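Structure file structure_1.cif; described as mmCIF, C-alpha atoms.
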```cif
data_my_file
#
loop_
_atom_site.label_atom_id
_atom_site.label_comp_id
_atom_site.auth_asym_id
_atom_site.auth_seq_id
_atom_site.Cartn_x
_atom_site.Cartn_y
_atom_site.Cartn_z
CA MET A 59 1.75 6.63 -2.97
CA GLY A 60 2.31 7.08 -6.73
CA ARG A 61 -0.54 5.52 -8.68
CA ALA A 62 1.65 4.56 -11.63
CA THR A 63 3.66 2.31 -9.34
CA ALA A 64 0.86 1.13 -7.08
CA LEU A 65 0.33 -2.28 -8.68
CA GLY A 66 2.79 -3.90 -6.29
CA ALA A 67 0.76 -2.76 -3.31
CA VAL A 68 -2.41 -3.85 -5.07
CA LEU A 69 -0.97 -7.32 -5.65
CA LEU A 70 0.05 -7.62 -2.03
CA SER A 71 -3.43 -6.64 -0.90
CA LEU A 72 -4.95 -9.25 -3.21
CA LEU A 73 -2.59 -11.96 -1.97
CA ALA A 74 -3.45 -11.04 1.60
CA THR A 75 -7.14 -11.72 0.83
CA PRO A 76 -8.61 -9.17 3.25
CA ALA A 77 -11.79 -10.06 5.10
CA HIS A 78 -13.95 -7.77 3.00
CA ALA A 79 -13.21 -9.84 -0.12
CA ALA A 80 -15.41 -12.61 1.25
CA HIS A 81 -18.54 -10.44 1.23
CA ALA A 82 -21.02 -11.24 -1.50
CA PRO A 83 -21.52 -8.37 -3.97
CA SER A 84 -24.63 -6.26 -3.57
CA PRO A 85 -27.44 -6.93 -6.04
CA VAL A 86 -27.03 -4.69 -9.07
CA PRO A 87 -30.10 -3.33 -10.88
CA GLU A 88 -30.46 -3.89 -14.59
CA ARG A 89 -27.39 -2.51 -16.29
CA ALA A 90 -27.49 0.03 -19.08
CA PRO A 91 -25.79 -1.62 -22.09
CA GLU A 92 -22.31 -0.49 -23.08
CA ARG A 93 -21.93 1.21 -26.43
CA ALA A 94 -19.01 0.84 -28.83
CA ALA A 95 -15.68 1.71 -27.23
CA ALA A 96 -13.89 2.88 -30.38
CA LEU A 97 -14.15 6.46 -31.51
CA PRO A 98 -15.44 7.16 -35.02
CA ALA A 99 -12.92 8.11 -37.65
CA ALA A 100 -13.99 11.74 -37.56
CA ALA A 101 -11.75 14.25 -35.79
CA PRO A 102 -13.22 16.75 -33.31
CA ASP A 103 -15.32 19.41 -35.05
CA PRO A 104 -14.17 22.85 -33.82
CA VAL A 105 -16.88 24.63 -35.82
CA ALA A 106 -19.65 22.69 -34.07
CA LEU A 107 -17.84 23.09 -30.77
CA ARG A 108 -17.70 26.87 -31.12
CA ALA A 109 -21.35 26.94 -32.16
CA ALA A 110 -22.28 25.14 -28.94
CA LEU A 111 -20.33 27.68 -26.86
CA ARG A 112 -22.01 30.57 -28.66
CA SER A 113 -25.38 28.95 -28.03
CA ALA A 114 -24.57 28.95 -24.30
CA LEU A 115 -23.94 32.68 -24.52
CA ALA A 116 -27.14 33.26 -26.49
CA ASN A 117 -29.04 31.52 -23.71
CA GLY A 118 -27.63 33.64 -20.91
CA ALA A 119 -24.12 32.50 -19.98
CA PRO A 120 -21.61 35.39 -19.85
CA GLY A 121 -18.84 33.05 -21.06
CA ALA A 122 -18.08 29.49 -22.13
CA LEU A 123 -14.95 27.50 -22.95
CA ALA A 124 -13.91 24.08 -24.17
CA ARG A 125 -10.70 22.12 -24.49
CA VAL A 126 -10.26 18.87 -26.40
CA ASP A 127 -7.09 16.83 -25.96
CA ASP A 128 -6.79 14.34 -28.80
CA ASN A 129 -3.72 12.09 -28.93
CA GLY A 130 -1.41 14.92 -27.96
CA LYS A 131 -3.15 17.67 -29.93
CA ALA A 132 -5.11 20.30 -28.02
CA HIS A 133 -8.08 22.27 -29.33
CA ARG A 134 -8.83 25.36 -27.20
CA LEU A 135 -11.92 27.50 -27.69
CA ALA A 136 -13.48 30.28 -25.62
CA GLU A 137 -16.34 32.72 -26.11
CA GLY A 138 -17.58 35.64 -24.03
CA LEU A 139 -16.60 37.01 -20.65
CA ALA A 140 -14.97 35.64 -17.53
CA ASP A 141 -15.87 38.80 -15.63
CA ARG A 142 -18.90 40.95 -16.43
CA GLY A 143 -17.55 43.80 -14.32
CA THR A 144 -14.11 44.22 -15.90
CA LYS A 145 -15.19 42.76 -19.28
CA ARG A 146 -12.22 40.40 -19.22
CA ALA A 147 -12.58 37.73 -21.88
CA ILE A 148 -12.75 34.13 -20.79
CA THR A 149 -9.91 31.85 -21.91
CA ALA A 150 -9.55 28.09 -22.17
CA GLU A 151 -6.88 28.32 -19.43
CA ASP A 152 -9.16 29.86 -16.79
CA ARG A 153 -9.74 28.02 -13.53
CA PHE A 154 -13.29 27.42 -12.29
CA ARG A 155 -15.35 25.55 -9.71
CA ILE A 156 -16.00 22.04 -11.05
CA GLY A 157 -18.96 21.10 -8.84
CA SER A 158 -19.88 17.43 -8.92
CA VAL A 159 -16.93 16.44 -11.09
CA THR A 160 -15.39 16.38 -7.59
CA LYS A 161 -17.32 13.14 -7.02
CA THR A 162 -15.01 11.23 -9.35
CA PHE A 163 -11.96 12.47 -7.42
CA THR A 164 -13.61 11.33 -4.18
CA THR A 165 -14.40 7.95 -5.69
CA VAL A 166 -10.84 7.45 -6.93
CA VAL A 167 -9.46 8.04 -3.43
CA LEU A 168 -11.83 5.47 -1.93
CA LEU A 169 -11.08 2.93 -4.68
CA GLN A 170 -7.37 3.36 -4.03
CA LEU A 171 -8.09 2.51 -0.40
CA VAL A 172 -9.96 -0.56 -1.59
CA ASP A 173 -6.92 -1.52 -3.67
CA GLU A 174 -4.79 -1.14 -0.56
CA GLY A 175 -7.06 -3.43 1.47
CA VAL A 176 -8.18 -0.68 3.83
CA LEU A 177 -11.88 -1.22 3.11
CA GLY A 178 -14.14 -3.20 0.80
CA LEU A 179 -16.73 -1.92 -1.64
CA ASP A 180 -19.32 -4.13 0.01
CA ASP A 181 -18.40 -3.16 3.55
CA PRO A 182 -21.31 -1.62 5.45
CA VAL A 183 -20.53 2.05 6.01
CA VAL A 184 -21.13 1.67 9.74
CA LYS A 185 -18.22 -0.78 9.93
CA HIS A 186 -15.90 2.20 9.46
CA LEU A 187 -18.19 4.98 10.73
CA PRO A 188 -20.00 3.43 13.71
CA GLY A 189 -23.35 5.05 14.36
CA ALA A 190 -23.15 7.35 11.33
CA LEU A 191 -26.15 5.89 9.51
CA PRO A 192 -29.35 4.42 10.95
CA ASN A 193 -29.55 1.91 8.10
CA LYS A 194 -26.73 -0.56 8.64
CA LYS A 195 -27.21 -2.16 5.21
CA ILE A 196 -25.83 0.82 3.26
CA THR A 197 -22.46 -0.13 1.77
CA VAL A 198 -19.59 1.82 0.24
CA ARG A 199 -20.72 0.58 -3.18
CA HIS A 200 -24.20 1.96 -2.58
CA LEU A 201 -22.77 5.39 -1.79
CA LEU A 202 -20.57 5.61 -4.87
CA GLY A 203 -23.30 4.33 -7.17
CA ASN A 204 -26.03 6.67 -5.84
CA ARG A 205 -28.04 3.67 -4.67
CA SER A 206 -28.08 4.21 -0.90
CA GLY A 207 -31.55 5.76 -0.61
CA LEU A 208 -30.14 8.70 1.39
CA TYR A 209 -32.13 11.91 0.88
CA ASP A 210 -30.24 14.70 -0.91
CA TYR A 211 -29.94 17.54 1.59
CA THR A 212 -29.39 20.08 -1.22
CA ASN A 213 -33.10 19.79 -2.04
CA THR A 214 -33.69 21.38 1.37
CA LEU A 215 -30.92 23.98 1.22
CA PHE A 216 -31.71 25.19 -2.29
CA ALA A 217 -35.47 24.90 -2.63
CA ARG A 218 -35.10 28.59 -3.50
CA THR A 219 -31.97 29.20 -5.51
CA VAL A 220 -30.63 32.65 -4.61
CA SER A 221 -31.94 32.96 -1.04
CA GLY A 222 -30.73 29.42 -0.36
CA PHE A 223 -27.31 30.24 -1.71
CA GLU A 224 -26.98 33.52 0.19
CA ALA A 225 -27.87 31.69 3.42
CA VAL A 226 -24.86 29.36 3.03
CA ARG A 227 -22.43 31.42 0.92
CA ASN A 228 -20.12 32.10 3.87
CA LYS A 229 -21.18 29.28 6.15
CA VAL A 230 -18.82 26.45 7.15
CA PHE A 231 -20.44 23.06 7.66
CA THR A 232 -19.02 19.88 9.04
CA HIS A 233 -19.68 16.65 7.14
CA ARG A 234 -21.79 15.55 10.09
CA GLN A 235 -24.01 18.64 9.87
CA LEU A 236 -24.68 18.00 6.19
CA LEU A 237 -25.45 14.35 6.89
CA ASP A 238 -27.84 15.35 9.65
CA LEU A 239 -29.74 17.55 7.16
CA SER A 240 -30.22 14.43 5.06
CA LEU A 241 -31.18 12.15 7.93
CA ALA A 242 -33.85 14.62 9.06
CA LYS A 243 -35.80 13.48 5.98
CA ALA A 244 -37.12 10.05 5.14
CA ALA A 245 -35.04 7.78 2.94
CA THR A 246 -35.93 7.89 -0.75
CA GLY A 247 -35.31 4.19 -1.35
CA SER A 248 -33.75 1.00 -0.05
CA PRO A 249 -29.99 0.32 -0.04
CA GLY A 250 -28.97 -1.33 -3.30
CA GLY A 251 -32.18 -0.25 -5.02
CA ALA A 252 -32.70 2.09 -7.93
CA TYR A 253 -30.28 4.86 -8.90
CA ALA A 254 -31.20 8.18 -7.28
CA TYR A 255 -28.67 11.01 -7.41
CA SER A 256 -27.83 12.37 -3.96
CA ASN A 257 -25.01 14.63 -2.84
CA THR A 258 -25.33 13.05 0.61
CA ASN A 259 -23.64 9.89 -0.66
CA PHE A 260 -20.41 11.74 -1.36
CA VAL A 261 -20.49 13.66 1.90
CA VAL A 262 -20.42 10.26 3.63
CA ALA A 263 -17.65 9.21 1.22
CA GLY A 264 -15.67 12.23 2.42
CA MET A 265 -16.21 11.15 6.02
CA LEU A 266 -14.82 7.73 5.11
CA ILE A 267 -11.75 9.27 3.47
CA GLU A 268 -10.94 11.35 6.54
CA LYS A 269 -11.52 8.45 8.94
CA LEU A 270 -9.48 5.91 6.97
CA THR A 271 -6.58 8.15 5.90
CA GLY A 272 -6.30 10.14 9.11
CA THR A 273 -6.00 13.31 7.06
CA SER A 274 -8.29 15.90 5.47
CA THR A 275 -10.16 15.30 2.25
CA GLY A 276 -8.14 18.02 0.56
CA ALA A 277 -4.86 16.46 1.65
CA ALA A 278 -6.00 13.08 0.30
CA TYR A 279 -6.82 14.61 -3.08
CA ARG A 280 -3.46 16.34 -3.16
CA GLU A 281 -1.38 13.33 -2.11
CA ARG A 282 -3.15 10.71 -4.21
CA ILE A 283 -4.25 12.56 -7.37
CA ILE A 284 -3.17 16.18 -7.71
CA THR A 285 0.55 15.76 -7.02
CA PRO A 286 1.09 12.46 -8.90
CA LEU A 287 -0.66 13.83 -12.02
CA LYS A 288 0.99 17.28 -11.68
CA LEU A 289 -2.36 19.07 -11.81
CA ALA A 290 -1.10 22.64 -11.47
CA ASP A 291 -4.56 24.24 -11.61
CA THR A 292 -6.39 21.94 -9.20
CA PHE A 293 -7.12 22.99 -5.61
CA TYR A 294 -9.32 22.17 -2.66
CA VAL A 295 -9.41 25.45 -0.77
CA HIS A 296 -12.44 24.81 1.46
CA PRO A 297 -13.39 26.73 3.54
CA GLU A 298 -11.58 29.65 1.88
CA THR A 299 -13.83 31.59 -0.49
CA ALA A 300 -11.50 32.78 -3.27
CA LEU A 301 -10.35 30.96 -6.39
CA PRO A 302 -6.55 31.14 -6.77
CA GLY A 303 -4.95 32.61 -9.89
CA ARG A 304 -6.62 33.45 -13.20
CA HIS A 305 -10.21 32.23 -13.00
CA SER A 306 -13.68 32.75 -14.34
CA LYS A 307 -16.30 34.34 -12.16
CA GLY A 308 -19.54 32.41 -11.77
CA TYR A 309 -23.04 33.82 -12.28
CA LEU A 310 -26.17 32.43 -10.69
CA THR A 311 -29.57 32.93 -12.33
CA SER A 312 -32.44 33.75 -10.01
CA ASP A 313 -35.65 31.73 -9.95
CA ASP A 314 -37.46 35.01 -10.61
CA SER A 315 -37.37 36.11 -14.25
CA GLY A 316 -36.15 39.61 -15.01
CA THR A 317 -33.76 39.87 -12.07
CA SER A 318 -30.01 40.40 -12.36
CA LEU A 319 -27.46 37.61 -12.32
CA VAL A 320 -25.84 37.01 -8.93
CA ASP A 321 -22.04 36.88 -8.75
CA ALA A 322 -21.54 33.60 -6.87
CA THR A 323 -17.77 33.36 -7.27
CA ARG A 324 -16.77 33.87 -3.65
CA GLN A 325 -18.25 31.18 -1.43
CA THR A 326 -17.00 28.56 0.97
CA ALA A 327 -18.66 25.79 -1.10
CA SER A 328 -18.91 24.15 2.31
CA TRP A 329 -22.36 22.85 1.47
CA ALA A 330 -20.65 20.67 -1.17
CA GLN A 331 -17.20 19.66 0.17
CA SER A 332 -16.34 16.13 -1.03
CA ALA A 333 -19.44 16.21 -3.23
CA GLY A 334 -18.43 19.32 -5.19
CA ALA A 335 -15.85 21.80 -3.87
CA ILE A 336 -12.77 21.26 -6.08
CA ILE A 337 -11.39 24.05 -8.31
CA SER A 338 -9.64 23.09 -11.54
CA SER A 339 -9.13 23.85 -15.25
CA ALA A 340 -10.03 22.18 -18.52
CA ARG A 341 -6.44 21.02 -19.02
CA ASP A 342 -6.24 19.41 -15.58
CA LEU A 343 -9.63 17.71 -15.86
CA ASN A 344 -8.73 16.24 -19.24
CA THR A 345 -5.49 14.96 -17.74
CA PHE A 346 -7.36 13.44 -14.80
CA PHE A 347 -10.00 11.56 -16.80
CA SER A 348 -7.51 10.39 -19.41
CA ALA A 349 -5.28 8.98 -16.64
CA LEU A 350 -8.23 7.37 -14.91
CA LEU A 351 -9.48 5.59 -18.03
CA ARG A 352 -5.96 4.48 -18.96
CA GLY A 353 -5.79 2.71 -15.61
CA GLU A 354 -3.18 4.97 -14.01
CA LEU A 355 -5.13 5.81 -10.84
CA THR A 356 -6.62 2.49 -9.73
CA SER A 357 -6.18 -1.18 -10.41
CA ALA A 358 -7.88 -2.68 -13.46
CA ALA A 359 -10.30 -4.47 -11.15
CA ARG A 360 -11.43 -1.24 -9.51
CA LEU A 361 -11.80 0.52 -12.87
CA THR A 362 -13.99 -2.36 -14.01
CA GLN A 363 -16.16 -1.80 -10.93
CA MET A 364 -16.44 1.90 -11.75
CA ARG A 365 -17.82 0.90 -15.14
CA ARG A 366 -20.60 -1.39 -13.93
CA TRP A 367 -23.52 0.71 -15.11
CA THR A 368 -27.04 1.20 -13.83
CA THR A 369 -29.54 2.98 -16.03
CA VAL A 370 -30.12 6.72 -15.58
CA ASN A 371 -32.10 7.28 -18.78
CA SER A 372 -32.05 6.25 -22.44
CA THR A 373 -28.63 7.79 -23.10
CA GLN A 374 -26.87 7.61 -19.73
CA GLY A 375 -25.60 5.15 -17.16
CA TYR A 376 -23.98 5.66 -13.76
CA GLY A 377 -21.24 3.45 -12.34
CA LEU A 378 -19.20 4.30 -9.24
CA GLY A 379 -18.65 8.05 -9.23
CA LEU A 380 -18.58 7.93 -13.03
CA ARG A 381 -21.16 8.82 -15.67
CA ARG A 382 -21.48 7.18 -19.07
CA ARG A 383 -22.93 9.18 -21.96
CA ASP A 384 -24.06 7.48 -25.18
CA LEU A 385 -23.57 9.71 -28.20
CA SER A 386 -25.39 9.90 -31.53
CA CYS A 387 -22.51 8.36 -33.48
CA GLY A 388 -22.68 5.10 -31.54
CA VAL A 389 -19.89 5.57 -28.99
CA SER A 390 -19.90 6.05 -25.24
CA VAL A 391 -17.76 8.48 -23.24
CA TYR A 392 -17.01 8.54 -19.52
CA GLY A 393 -16.65 11.29 -16.96
CA HIS A 394 -18.91 13.51 -14.87
CA THR A 395 -20.98 16.66 -14.97
CA GLY A 396 -20.76 19.41 -12.39
CA ALA A 397 -22.88 22.25 -11.10
CA VAL A 398 -22.08 24.65 -8.31
CA GLN A 399 -23.59 28.12 -8.04
CA GLY A 400 -22.44 30.07 -11.10
CA TYR A 401 -20.64 27.17 -12.82
CA TYR A 402 -21.54 24.31 -15.18
CA THR A 403 -18.89 21.74 -16.16
CA TYR A 404 -18.86 18.71 -18.46
CA SER A 405 -15.72 16.57 -18.43
CA PHE A 406 -15.52 13.27 -20.34
CA ALA A 407 -13.02 11.02 -22.09
CA SER A 408 -13.08 8.13 -24.52
CA GLY A 409 -12.86 4.63 -23.09
CA ASP A 410 -9.15 4.40 -23.87
CA GLY A 411 -8.44 7.90 -22.50
CA LYS A 412 -6.96 9.06 -25.81
CA ARG A 413 -9.48 11.83 -26.42
CA SER A 414 -10.91 14.02 -23.67
CA LEU A 415 -13.13 17.09 -23.47
CA THR A 416 -13.92 19.59 -20.78
CA SER A 417 -16.51 22.26 -21.52
CA PHE A 418 -17.67 24.93 -19.13
CA ALA A 419 -20.11 27.84 -18.86
CA ASN A 420 -20.03 30.42 -16.07
CA ALA A 421 -23.74 30.12 -15.35
CA SER A 422 -26.08 27.95 -13.31
CA ASN A 423 -29.79 27.55 -12.61
CA ASN A 424 -30.24 28.05 -16.34
CA ALA A 425 -31.68 25.00 -18.09
CA ALA A 426 -31.20 26.47 -21.55
CA VAL A 427 -27.46 26.87 -20.98
CA LEU A 428 -27.18 23.45 -19.35
CA ASN A 429 -28.78 21.78 -22.35
CA THR A 430 -26.24 23.27 -24.76
CA LEU A 431 -23.28 21.51 -23.15
CA PRO A 432 -24.08 17.99 -24.41
CA ARG A 433 -23.55 19.40 -27.89
CA THR A 434 -19.89 19.89 -27.00
CA LEU A 435 -19.61 16.14 -26.40
CA GLU A 436 -21.04 15.41 -29.83
CA ALA A 437 -18.67 17.89 -31.46
CA ALA A 438 -15.61 16.57 -29.63
CA PHE A 439 -16.17 12.83 -29.90
CA CYS A 440 -18.38 12.38 -32.97
CA GLY A 441 -17.14 15.32 -35.04
CA THR A 442 -18.86 15.51 -38.41
CA GLU A 443 -20.48 12.11 -37.73
CA ALA A 444 -22.70 13.68 -35.05
CA THR A 445 -26.41 13.60 -35.86
CA ALA A 446 -29.27 15.71 -34.53
CA ARG A 447 -31.33 14.15 -31.76
CA THR A 448 -34.97 15.07 -31.53
CA ALA A 449 -35.74 13.44 -28.17
CA ALA A 450 -32.60 13.57 -26.05
CA PRO A 451 -33.42 13.52 -22.32
CA ALA A 452 -33.30 16.96 -20.70
CA GLU A 453 -30.27 17.68 -18.54
CA ARG A 454 -30.68 18.00 -14.78
CA GLU A 455 -28.58 19.98 -12.35
CA ASP A 456 -26.56 18.19 -9.69
CA ILE A 457 -27.74 20.78 -7.13
CA ALA A 458 -31.19 20.11 -5.62
CA PRO A 459 -31.94 17.57 -8.36
CA ASP A 460 -35.52 16.96 -7.21
CA VAL A 461 -36.58 20.60 -7.02
CA VAL A 462 -38.77 21.60 -9.96
CA ARG A 463 -37.78 24.96 -11.43
CA ARG A 464 -39.92 27.18 -13.61
#
```

Could you take the file, read its structure, and then write that structure out as structure tokens?
Amino acid sequence: MGRATALGAVLLSLLATPAHAAHAPSPVPERAPERAAALPAAAPDPVALRAALRSALANGAPGALARVDDNGKAHRLAEGLADRGTKRAITAEDRFRIGSVTKTFTTVVLLQLVDEGVLGLDDPVVKHLPGALPNKKITVRHLLGNRSGLYDYTNTLFARTVSGFEAVRNKVFTHRQLLDLSLAKAATGSPGGAYAYSNTNFVVAGMLIEKLTGTSTGAAYRERIITPLKLADTFYVHPETALPGRHSKGYLTSDDSGTSLVDATRQTASWAQSAGAIISSARDLNTFFSALLRGELTSAARLTQMRRWTTVNSTQGYGLGLRRRDLSCGVSVYGHTGAVQGYYTYSFASGDGKRSLTSFANASNNAAVLNTLPRTLEAAFCGTEATARTAAPAEREDIAPDVVRR
């Protein structure tokens, strides 16, 4: 179903008044306040953008890239290597694993199903997946907002970074197996409670997609997002291990200092699936987030729901599968971050979708590299109006978010 022409179906579903519309909304914790929607007058600052990429290299990333799309004008920058073995330079056109940016794709598919009247945001998950969860109060909204209380199974899989990765590099999981890893641990909170990032939420979201569409998660992405937006560099190849076409290799840093980087490029990414297994490019991700924020992928009502924020920290909020970042120049941008072994991605757009940025470094388990990427947001959206922050919250990986690294 083409999203640009989906409003007719949305209207019909609204007129039909499906049963789920009668459910009272879940309580929402205190919302993080929205910042100004308009961009400052300053254009993107390519000098500051390149400096951020070079800082990523100085802190251990073999390569880094960024692309800004600004009202039809593209800024492309790249520094360093895509492949340490062949010494091939990275380019802004390279494909890469996008990690948890996948979560926004997953969310869009489910919100399209809400628009079509197939399910409701406040439906209990067990209504559609009987017996899947012991807590029958967990709703679809709780999953997409990271407010279900489900334990994040990646904390178990990757308590040790390299050995954990090598144990699953070629393994193929079912969604149910990943969920069972989560359910083997106690819940971390109550449904509808505080925000707590958990990959488990989006594994269950993938189960819902497959149950409700009768097709695979990858097919749903392709039919509903990839093909309509003509995303030529975006793939869901799980459980295949190779990235198609020209791509950057990914390098995983060990927990033990002084050891070599691990080439993590080839993996099933089966531990992530609907929480983090998509492959894409900076161009395609900018296209995706611009289209989303312009209202081309869901109804206006669903986009409004995506942008109901709960507080993450002093500069961030989380909606439904969507992050909000508050920048130093007084504006907010919207998108998601991603981490999968060997790859860090930041992909965000302005509230009107007119300016978008994707930045990427082919490293992971490296806090110093991770903390350089927010500087690309400042350079792209604040330009010369960006100001230094002395107490910005430290970035956290989307993999094993509760494991303390040295």

What would the selection look like, as a PyMOL selection string, if the PyMOL selection byres ((chain A and resi 260) around 7) were run on the coordinates I just shared? chain A and resi 161+201+257-259+261-264+332-333

For the structure provided, state which residues fall under the PyMOL selection byres ((chain A and resi 337) around 12), and present them as a ChimeraX atom specification. /A:152-160,163,276,279,284,289-296,298-306,323,326-327,331-332,334-336,338-340,342-343,396-398,401,403

Name the residues that the PyMOL selection byres ((chain A and resi 204-218) around 9) pulls out of this structure, and write them as a PyMOL selection string. chain A and resi 195-203+219-223+225-226+236-260+312-313+329-330+376-379+457-462

Go through segment 256-300 of chain A residue by residue and, counting all atoms listed in the file, keep those with an atom at most 9 Å from segment 169-187 of chain A; for each kept residue give the shortest atom pair and its distance in Å to one decimal, ordered by chain and increasing number, as JSON lines.
```
{"residue": "A:Val262", "atom": "CA", "partner": "A:Val183", "partner_atom": "CA", "distance": 8.5}
{"residue": "A:Met265", "atom": "CA", "partner": "A:Leu187", "partner_atom": "CA", "distance": 8.0}
{"residue": "A:Leu266", "atom": "CA", "partner": "A:Leu187", "partner_atom": "CA", "distance": 7.1}
{"residue": "A:Ile267", "atom": "CA", "partner": "A:Leu171", "partner_atom": "CA", "distance": 8.6}
{"residue": "A:Lys269", "atom": "CA", "partner": "A:His186", "partner_atom": "CA", "distance": 7.6}
{"residue": "A:Leu270", "atom": "CA", "partner": "A:Val176", "partner_atom": "CA", "distance": 7.4}
{"residue": "A:Thr271", "atom": "CA", "partner": "A:Leu171", "partner_atom": "CA", "distance": 8.6}
{"residue": "A:Arg282", "atom": "CA", "partner": "A:Gln170", "partner_atom": "CA", "distance": 8.5}
```

Could you please determine the separation between atom CA of Thr165 of chain A and atom CA of Arg360 of chain A in Å, to one decimal place?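 Taking atom CA of Thr165 of chain A and atom CA of Arg360 of chain A, their separation equals 10.4 Å.
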
Give me, as a PyMOL selection string, all polymer residues having an atom no more than 12 Å from Arg383 of chain A, counting all atoms listed in the file and skipping those fewer than 3 positions away in the same chain. chain A and resi 90-95+365+367+369-377+380+386-395+404-409+432-433+435-436+439+450-451+453

Residue with smallest distance to Gly138 of chain A - pool A:Ala437, A:Ile283, A:Leu385, A:Ala419, counting all atoms listed in the file: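 Nearest candidate to Gly138 of chain A out of A:Ala437, A:Ile283, A:Leu385, A:Ala419: A:Ala419.
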
As lines of an AutoDock Vina configuration file, please: the centre and edge lengths in Å, to one decimal, of an axis-aligned box enclosing every listed atom of segment 392-410 of chain A with 8 Å added on each side.
```
center_x = -16.4
center_y = 17.2
center_z = -16.3
size_x = 30.4
size_y = 41.7
size_z = 32.5
```

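Between atom CA of Asn344 of chain A and atom CA of Arg366 of chain A there is a distance of 21.9 Å.
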
Choose the residue, out of A:Arg146, A:Arg454, A:Arg352, A:Arg382, that has the smallest atom-to-atom separation from Gly411 of chain A; count only C-alpha atoms.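 Result for the nearest residue to Gly411 of chain A: A:Arg352.
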
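Between atom CA of Gly400 of chain A and atom CA of Leu319 of chain A the separation is 9.1 Å.
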
What does segment 116-128 of chain A look like written to a file with N, CA, C and O atoms, as a JSON list (two decimals), in the first residue's frame?
```json
[["chain", "number", "residue", "atom", "x", "y", "z"],
["A", 116, "ALA", "N", 40.46, 10.05, 15.46],
["A", 116, "ALA", "CA", 41.48, 10.23, 16.49],
["A", 116, "ALA", "C", 41.21, 9.38, 17.72],
["A", 116, "ALA", "O", 42.13, 9.01, 18.44],
["A", 117, "ASN", "N", 39.93, 9.05, 17.92],
["A", 117, "ASN", "CA", 39.56, 8.26, 19.09],
["A", 117, "ASN", "C", 39.42, 6.77, 18.80],
["A", 117, "ASN", "O", 38.97, 6.02, 19.67],
["A", 118, "GLY", "N", 39.80, 6.35, 17.58],
["A", 118, "GLY", "CA", 39.88, 4.92, 17.33],
["A", 118, "GLY", "C", 39.03, 4.36, 16.23],
["A", 118, "GLY", "O", 39.13, 3.17, 15.93],
["A", 119, "ALA", "N", 38.17, 5.16, 15.59],
["A", 119, "ALA", "CA", 37.38, 4.65, 14.47],
["A", 119, "ALA", "C", 38.24, 4.63, 13.22],
["A", 119, "ALA", "O", 38.90, 5.63, 12.90],
["A", 120, "PRO", "N", 38.25, 3.52, 12.46],
["A", 120, "PRO", "CA", 38.99, 3.53, 11.19],
["A", 120, "PRO", "C", 38.44, 4.54, 10.20],
["A", 120, "PRO", "O", 39.18, 5.15, 9.44],
["A", 121, "GLY", "N", 37.10, 4.74, 10.18],
["A", 121, "GLY", "CA", 36.50, 5.66, 9.23],
["A", 121, "GLY", "C", 35.23, 6.27, 9.77],
["A", 121, "GLY", "O", 34.64, 5.79, 10.75],
["A", 122, "ALA", "N", 34.82, 7.37, 9.16],
["A", 122, "ALA", "CA", 33.57, 8.04, 9.56],
["A", 122, "ALA", "C", 33.04, 8.83, 8.36],
["A", 122, "ALA", "O", 33.82, 9.29, 7.52],
["A", 123, "LEU", "N", 31.73, 8.97, 8.29],
["A", 123, "LEU", "CA", 31.11, 9.70, 7.18],
["A", 123, "LEU", "C", 29.91, 10.47, 7.68],
["A", 123, "LEU", "O", 29.37, 10.22, 8.75],
["A", 124, "ALA", "N", 29.49, 11.43, 6.89],
["A", 124, "ALA", "CA", 28.27, 12.19, 7.19],
["A", 124, "ALA", "C", 27.67, 12.69, 5.89],
["A", 124, "ALA", "O", 28.39, 13.00, 4.93],
["A", 125, "ARG", "N", 26.34, 12.76, 5.89],
["A", 125, "ARG", "CA", 25.63, 13.37, 4.77],
["A", 125, "ARG", "C", 24.52, 14.23, 5.35],
["A", 125, "ARG", "O", 23.74, 13.78, 6.19],
["A", 126, "VAL", "N", 24.47, 15.48, 4.87],
["A", 126, "VAL", "CA", 23.39, 16.39, 5.24],
["A", 126, "VAL", "C", 22.59, 16.69, 3.97],
["A", 126, "VAL", "O", 23.17, 17.07, 2.95],
["A", 127, "ASP", "N", 21.29, 16.50, 4.03],
["A", 127, "ASP", "CA", 20.40, 16.91, 2.95],
["A", 127, "ASP", "C", 19.61, 18.11, 3.45],
["A", 127, "ASP", "O", 18.89, 18.03, 4.45],
["A", 128, "ASP", "N", 19.76, 19.23, 2.75],
["A", 128, "ASP", "CA", 19.21, 20.50, 3.21],
["A", 128, "ASP", "C", 18.46, 21.18, 2.08],
["A", 128, "ASP", "O", 19.05, 21.84, 1.23]]
```
